[in-house]
Amino acid sequence: MKQTENWQDNENLDPADWASARERMHRMVDDAIDYLSTLRDRPVWQPMPETIPPHFHQPLPHGPEDPQHIDEELKAYILPYTMGNVHPRFWAWYMGAGTVSGVIGDFWASVLNPNLGGGQQSSNLVEAQVIDWLKEIMHYPMEASGILVSGGSMANLVGLAVARHHMSGFDIRLEGMTGTNPMVVYASQEVHSSVQKAIELMGMGSRFLHKVPVLADYTMDVSALEAMIKRDRAAGLHPIAVIGTAGTINTGAIDDLDGLANLCKSENLWFHVDGAIGSIAMLSPLVQPQLKGIERADSVTIDLHKWLHMPFEVACTLVRNATNHRETFSLIPDYLARNTRGLAAGHLWFSEYGIQLSRRFRALKVWMSLKEHGADAFGRMISKNIHQAHYLGRRIDEHPHLELVAPIGLDIVCFRYNPGNRSLTELNNVNKEIKLQLEEQGIAAPGYTTLGEMYCLRIAIANHRSQLADFDALISAIEELGHKVVASQ
Ligand SMILES: *Cc1c(COP(=O)(O)O)cnc(C)c1O
């Protein structure tokens, strides 16, 4: 029975009893600490029993449920079956492990619940502070602008939108994609799929995302790029931007950013760096020299829920020229008109620098975390992961049945089990099965990719909880599983 009409003036959505809400939230904190302090005692991931999915096919609850019952449901049906990326042996795809400091920041962001679209409020100052810190980390000019967004995909879209707006040569906001000579964007063959999505969404056509061949180390062949630009110009196309990747998703390769910056300067092209993986490694003295040139980019993507371990979702786009940035997105209707006094005053209106109007206070967790740990601690965790990647690489090299299949880039190790005398297809199947069993037995969550035709395990160690013993455990498990899988084939 729906009960939607008999409202009372004093009814609201606050707890009827603040004391029991307080108790419930105290219990929640205890449960969360129990969960995070005992991660190692549980499997990385586990398949869901058949009873779980049907639990999420219930009718809309019209009436209230006992909060305690809801919390029990969370613990029984949701908590054990999430992705597992908080676990010390999760190395799949590329994602951060989360932090307690981030949880505290996100909690307060929900409690205060401000809208970061703009206005005169302290929350905007926090976001501006975080962006300033990121400029400092990237050796970027302080007069540059930036915005926090949901993730690397959105950060790339924002950066490329500014590139397109500034480079089009006409008022693209008014005219749309009506020009006669198509705009071309260049990136290496290893470019992340989010870039293609952005190009498609902006109506530029993925046909005009020209992919440049890579060298043996999976970095962009800059001289091939140069030739492509010349050829495209001769054919009447309109090259506008080059995307350098700082840490490719497959192998962690870092393009020659300085070389690309030089080329973009001489060819008058926008230089965007997709640094979703690697840009934050500016915090590690091990990596910083390899990122030389990032400070010269016109726009940079930094993904903070990856190697900075912030709880999802948060990333940043930095844009060197603040005017270019604002002109791409700013739109101020009457209902958002600025005042000189009161709530609608202030100069920090982030809604003028991106797609979202209403925005979460995602800066708070970053601000609180960078203060609590200090930026150097995050740099140490990055250096630690790189050291671990090379340790794993050495263990693979020493092992008669394991082989590296790509150079180790940053914290990404691609390898496969290969006992010899098997065809490519057989080896691909063996390695797929090893990966599945590692997951299903809760031992580890390795990533995977295909390089050339070769299926391989891909260990991406963006994990501050991993220790060397975890990689020893991985090698032992693969040894054992590999032997069994080959024997059963
Ligand atoms: C992960 C990744 C992205 C996309 O970031 P999301 O936060 O997942 O949206 C973009 N580029 C690269 C190189 C990435 O690794």
# chains A, B, ... in the order shown; residues from 1 in each chain; ligands from 1
call {"tool": "residues_around", "arguments": {"residues": "range 127-138 of chain A", "least_positions_apart": "4", "cutoff": "10 Å", "atoms": "only C-alpha atoms", "output": "PyMOL selection string"}}
result
chain A and resi 116+122-123+142-148+279-283+288+291-296+300+302+316-320+348+350+361-368+370+375
call {"tool": "residues_near_ligand", "arguments": {"ligand": "ligand 1", "cutoff": "6 Å", "atoms": "only C-alpha atoms and all ligand atoms", "output": "number ranges by chain"}}
result
A: 151-153, 192, 194, 248-249, 274, 276-277, 303
call {"tool": "write_last_selection", "arguments": {"atoms": "all heavy atoms", "output": "compact mmCIF listing (two decimals), in the first residue's frame"}}
result
# COMPACT_ATOMS: atom_id res chain seq x y z
N GLY A 151 36.81 11.25 -13.13
CA GLY A 151 37.83 10.24 -13.41
C GLY A 151 38.65 10.64 -14.62
O GLY A 151 38.45 11.72 -15.20
N GLY A 152 39.56 9.75 -15.00
CA GLY A 152 40.45 10.03 -16.12
C GLY A 152 39.69 10.24 -17.43
O GLY A 152 40.09 11.06 -18.26
N SER A 153 38.61 9.49 -17.62
CA SER A 153 37.85 9.62 -18.87
C SER A 153 37.30 11.04 -19.00
O SER A 153 37.40 11.67 -20.05
CB SER A 153 36.67 8.63 -18.89
OG SER A 153 37.14 7.32 -18.70
N HIS A 192 44.50 5.19 -24.51
CA HIS A 192 43.38 4.63 -23.75
C HIS A 192 42.05 4.84 -24.49
O HIS A 192 41.86 5.87 -25.15
CB HIS A 192 43.33 5.29 -22.37
CG HIS A 192 42.40 4.62 -21.42
ND1 HIS A 192 41.09 5.01 -21.25
CD2 HIS A 192 42.58 3.57 -20.58
CE1 HIS A 192 40.52 4.24 -20.35
NE2 HIS A 192 41.41 3.35 -19.92
N SER A 194 39.27 5.79 -23.51
CA SER A 194 38.49 6.97 -23.12
C SER A 194 38.73 8.14 -24.08
O SER A 194 37.86 9.00 -24.24
CB SER A 194 38.84 7.39 -21.70
OG SER A 194 40.22 7.68 -21.58
N THR A 248 51.07 4.05 -20.21
CA THR A 248 49.99 3.43 -21.00
C THR A 248 49.34 2.32 -20.18
O THR A 248 49.96 1.72 -19.30
CB THR A 248 50.53 2.82 -22.31
OG1 THR A 248 51.55 1.87 -21.97
CG2 THR A 248 51.10 3.89 -23.22
N ILE A 249 48.10 2.05 -20.52
CA ILE A 249 47.32 1.09 -19.74
C ILE A 249 47.87 -0.33 -19.90
O ILE A 249 47.87 -1.11 -18.95
CB ILE A 249 45.81 1.19 -20.12
CG1 ILE A 249 44.95 0.34 -19.20
CG2 ILE A 249 45.57 0.84 -21.58
CD1 ILE A 249 44.79 0.89 -17.83
N ASP A 274 47.74 12.50 -21.38
CA ASP A 274 46.91 11.60 -20.59
C ASP A 274 47.82 10.94 -19.55
O ASP A 274 48.49 9.94 -19.83
CB ASP A 274 46.24 10.54 -21.48
CG ASP A 274 45.39 9.58 -20.64
OD1 ASP A 274 45.36 9.74 -19.40
OD2 ASP A 274 44.75 8.68 -21.23
N ALA A 276 46.72 9.67 -16.67
CA ALA A 276 45.82 9.01 -15.70
C ALA A 276 46.61 8.07 -14.80
O ALA A 276 46.37 7.99 -13.59
CB ALA A 276 44.72 8.25 -16.43
N ILE A 277 47.57 7.36 -15.40
CA ILE A 277 48.37 6.44 -14.60
C ILE A 277 49.61 7.12 -14.04
O ILE A 277 49.86 7.09 -12.84
CB ILE A 277 48.76 5.20 -15.45
CG1 ILE A 277 47.53 4.31 -15.65
CG2 ILE A 277 49.91 4.43 -14.81
CD1 ILE A 277 47.76 3.09 -16.50
N ASP A 303 44.78 11.24 -12.60
CA ASP A 303 43.70 10.42 -12.03
C ASP A 303 44.03 10.12 -10.58
O ASP A 303 44.99 9.41 -10.29
CB ASP A 303 43.57 9.12 -12.84
CG ASP A 303 42.15 8.62 -12.86
OD1 ASP A 303 41.36 9.06 -12.00
OD2 ASP A 303 41.81 7.78 -13.73
call {"tool": "closest_residue", "arguments": {"among": "A:Pro67, A:Gly98, A:Pro15, A:Pro59", "to": "Glu313 in chain A", "atoms": "only C-alpha atoms"}}
result
A:Gly98
call {"tool": "closest_residue", "arguments": {"among": "A:Asp34, A:Asp232, A:Asp298, A:Glu226", "to": "Leu263 in chain A", "atoms": "only C-alpha atoms"}}
result
A:Glu226
call {"tool": "residues_around", "arguments": {"residues": "Asn268 in chain A", "least_positions_apart": "6", "cutoff": "12 Å", "atoms": "only C-alpha atoms", "output": "VMD selection string"}}
result
chain A and resid 163 166 to 167 229 238 to 242 260 to 262 298
call {"tool": "atom_distance", "arguments": {"atom1": "CA of Gly102 in chain A", "atom2": "CA of Ile386 in chain A"}}
result
22.9 Å
call {"tool": "residues_around", "arguments": {"residues": "range 399-404 of chain A", "least_positions_apart": "5", "cutoff": "7 Å", "atoms": "only C-alpha atoms", "output": "JSON, numbers by chain"}}
result
{"A": [414, 415, 416, 417, 418, 419]}
call {"tool": "write_last_selection", "arguments": {"atoms": "N, CA, C and O atoms", "output": "JSON list (two decimals), in the first residue's frame"}}
result
[["chain", "number", "residue", "atom", "x", "y", "z"],
["A", 414, "CYS", "N", 54.01, -7.43, -17.47],
["A", 414, "CYS", "CA", 53.28, -8.34, -18.34],
["A", 414, "CYS", "C", 54.12, -9.59, -18.56],
["A", 414, "CYS", "O", 55.27, -9.51, -19.00],
["A", 415, "PHE", "N", 53.54, -10.75, -18.25],
["A", 415, "PHE", "CA", 54.30, -12.00, -18.37],
["A", 415, "PHE", "C", 53.34, -13.16, -18.59],
["A", 415, "PHE", "O", 52.13, -13.00, -18.52],
["A", 416, "ARG", "N", 53.91, -14.32, -18.90],
["A", 416, "ARG", "CA", 53.06, -15.50, -19.03],
["A", 416, "ARG", "C", 53.79, -16.75, -18.57],
["A", 416, "ARG", "O", 55.02, -16.78, -18.47],
["A", 417, "TYR", "N", 52.98, -17.74, -18.31],
["A", 417, "TYR", "CA", 53.48, -19.07, -17.97],
["A", 417, "TYR", "C", 53.79, -19.77, -19.28],
["A", 417, "TYR", "O", 52.94, -19.80, -20.19],
["A", 418, "ASN", "N", 54.97, -20.30, -19.42],
["A", 418, "ASN", "CA", 55.34, -20.96, -20.67],
["A", 418, "ASN", "C", 56.33, -22.09, -20.40],
["A", 418, "ASN", "O", 57.53, -21.87, -20.30],
["A", 419, "PRO", "N", 55.78, -23.32, -20.25],
["A", 419, "PRO", "CA", 56.67, -24.46, -19.94],
["A", 419, "PRO", "C", 57.38, -24.99, -21.19],
["A", 419, "PRO", "O", 58.10, -25.98, -21.09]]
call {"tool": "closest_residue", "arguments": {"among": "A:Val486, A:Val158, A:Val222, A:Leu392", "to": "Gln356 in chain A", "atoms": "only C-alpha atoms"}}
result
A:Val158
call {"tool": "residues_around", "arguments": {"residues": "Met202 in chain A", "least_positions_apart": "6", "cutoff": "12 Å", "atoms": "only C-alpha atoms", "output": "count of residues only"}}
result
19
call {"tool": "select_by_dssp", "arguments": {"residues": "range 425-455 of chain A", "states": "strand (DSSP E or B)", "output": "JSON, numbers by chain"}}
result
{"A": [445, 446, 447, 448, 449, 450, 451, 454, 455]}
call {"tool": "residues_around", "arguments": {"residues": "range 427-434 of chain A", "least_positions_apart": "5", "cutoff": "12 Å", "atoms": "only C-alpha atoms", "output": "ChimeraX atom specification"}}
result
/A:401-403,414-422,439-441,443-458,474-475,477-489
call {"tool": "residues_around", "arguments": {"residues": "Ser37 in chain A", "least_positions_apart": "5", "cutoff": "12 Å", "atoms": "only C-alpha atoms", "output": "ChimeraX atom specification"}}
result
/A:30-32,42,86-88,99-100,465
call {"tool": "write_last_selection", "arguments": {"atoms": "all heavy atoms", "output": "JSON list (two decimals), in the first residue's frame"}}
result
[["chain", "number", "residue", "atom", "x", "y", "z"],
["A", 30, "ASP", "N", 32.81, 1.10, 13.57],
["A", 30, "ASP", "CA", 33.47, -0.12, 14.06],
["A", 30, "ASP", "C", 33.55, -1.18, 12.97],
["A", 30, "ASP", "O", 34.58, -1.81, 12.77],
["A", 30, "ASP", "CB", 32.71, -0.68, 15.27],
["A", 30, "ASP", "CG", 32.90, 0.18, 16.53],
["A", 30, "ASP", "OD1", 33.90, 0.95, 16.55],
["A", 30, "ASP", "OD2", 32.08, 0.08, 17.45],
["A", 31, "ASP", "N", 32.44, -1.36, 12.26],
["A", 31, "ASP", "CA", 32.41, -2.37, 11.20],
["A", 31, "ASP", "C", 33.40, -2.03, 10.08],
["A", 31, "ASP", "O", 34.07, -2.90, 9.53],
["A", 31, "ASP", "CB", 31.00, -2.48, 10.60],
["A", 31, "ASP", "CG", 30.01, -3.10, 11.58],
["A", 31, "ASP", "OD1", 30.47, -3.72, 12.57],
["A", 31, "ASP", "OD2", 28.79, -2.97, 11.37],
["A", 32, "ALA", "N", 33.48, -0.74, 9.74],
["A", 32, "ALA", "CA", 34.37, -0.32, 8.66],
["A", 32, "ALA", "C", 35.83, -0.56, 9.05],
["A", 32, "ALA", "O", 36.64, -1.04, 8.26],
["A", 32, "ALA", "CB", 34.13, 1.15, 8.32],
["A", 42, "ARG", "N", 40.91, -12.34, 4.22],
["A", 42, "ARG", "CA", 39.83, -12.74, 3.32],
["A", 42, "ARG", "C", 40.35, -12.93, 1.89],
["A", 42, "ARG", "O", 41.42, -12.44, 1.55],
["A", 42, "ARG", "CB", 38.74, -11.66, 3.34],
["A", 42, "ARG", "CG", 37.97, -11.64, 4.65],
["A", 42, "ARG", "CD", 36.76, -10.74, 4.55],
["A", 42, "ARG", "NE", 37.14, -9.37, 4.29],
["A", 42, "ARG", "CZ", 37.52, -8.51, 5.25],
["A", 42, "ARG", "NH1", 37.54, -8.89, 6.50],
["A", 42, "ARG", "NH2", 37.85, -7.29, 4.94],
["A", 86, "VAL", "N", 40.56, -3.18, -2.71],
["A", 86, "VAL", "CA", 41.15, -2.74, -1.44],
["A", 86, "VAL", "C", 42.17, -3.77, -0.92],
["A", 86, "VAL", "O", 42.93, -3.49, 0.00],
["A", 86, "VAL", "CB", 40.06, -2.51, -0.35],
["A", 86, "VAL", "CG1", 39.27, -1.26, -0.66],
["A", 86, "VAL", "CG2", 39.14, -3.72, -0.23],
["A", 87, "HIS", "N", 42.16, -4.96, -1.49],
["A", 87, "HIS", "CA", 42.98, -6.07, -0.97],
["A", 87, "HIS", "C", 44.44, -5.95, -1.43],
["A", 87, "HIS", "O", 44.72, -5.50, -2.54],
["A", 87, "HIS", "CB", 42.38, -7.40, -1.46],
["A", 87, "HIS", "CG", 42.90, -8.60, -0.75],
["A", 87, "HIS", "ND1", 44.14, -9.15, -1.04],
["A", 87, "HIS", "CD2", 42.38, -9.35, 0.25],
["A", 87, "HIS", "CE1", 44.34, -10.20, -0.25],
["A", 87, "HIS", "NE2", 43.27, -10.35, 0.54],
["A", 88, "PRO", "N", 45.39, -6.38, -0.56],
["A", 88, "PRO", "CA", 46.82, -6.26, -0.92],
["A", 88, "PRO", "C", 47.24, -7.05, -2.16],
["A", 88, "PRO", "O", 48.30, -6.76, -2.74],
["A", 88, "PRO", "CB", 47.55, -6.82, 0.31],
["A", 88, "PRO", "CG", 46.54, -7.12, 1.35],
["A", 88, "PRO", "CD", 45.17, -6.83, 0.82],
["A", 99, "THR", "N", 41.98, 4.71, 0.95],
["A", 99, "THR", "CA", 42.66, 5.01, 2.21],
["A", 99, "THR", "C", 41.60, 5.37, 3.26],
["A", 99, "THR", "O", 40.50, 5.81, 2.93],
["A", 99, "THR", "CB", 43.57, 6.26, 2.09],
["A", 99, "THR", "OG1", 42.76, 7.39, 1.72],
["A", 99, "THR", "CG2", 44.67, 6.06, 1.07],
["A", 100, "VAL", "N", 41.97, 5.20, 4.50],
["A", 100, "VAL", "CA", 41.07, 5.58, 5.59],
["A", 100, "VAL", "C", 40.90, 7.11, 5.61],
["A", 100, "VAL", "O", 39.80, 7.63, 5.80],
["A", 100, "VAL", "CB", 41.61, 5.06, 6.95],
["A", 100, "VAL", "CG1", 40.77, 5.59, 8.10],
["A", 100, "VAL", "CG2", 41.63, 3.54, 6.94],
["A", 465, "ARG", "N", 49.13, -1.46, -0.19],
["A", 465, "ARG", "CA", 49.11, -2.52, 0.82],
["A", 465, "ARG", "C", 49.95, -3.72, 0.42],
["A", 465, "ARG", "O", 50.23, -4.60, 1.25],
["A", 465, "ARG", "CB", 47.66, -2.97, 1.08],
["A", 465, "ARG", "CG", 46.78, -1.84, 1.61],
["A", 465, "ARG", "CD", 45.42, -2.31, 2.10],
["A", 465, "ARG", "NE", 44.72, -1.17, 2.69],
["A", 465, "ARG", "CZ", 43.75, -0.49, 2.08],
["A", 465, "ARG", "NH1", 43.32, -0.85, 0.89],
["A", 465, "ARG", "NH2", 43.20, 0.56, 2.67]]
call {"tool": "select_by_dssp", "arguments": {"residues": "range 30-247 of chain A", "states": "alpha helix (DSSP H)", "output": "PyMOL selection string"}}
result
chain A and resi 30-37+52-55+67-73+100-112+122-138+152-167+172-175+193-201+222-234
call {"tool": "closest_residue", "arguments": {"among": "A:Ser20, A:Gln68, A:Leu79, A:Gly119", "to": "Trp45 in chain A", "atoms": "only C-alpha atoms"}}
result
A:Leu79
call {"tool": "closest_residue", "arguments": {"among": "A:Leu424, A:Val184, A:Val405, A:Ala21", "to": "Lys230 in chain A", "atoms": "only C-alpha atoms"}}
result
A:Val184
call {"tool": "atom_distance", "arguments": {"atom1": "CA of Asp334 in chain A", "atom2": "CA of Tyr353 in chain A"}}
result
17.9 Å
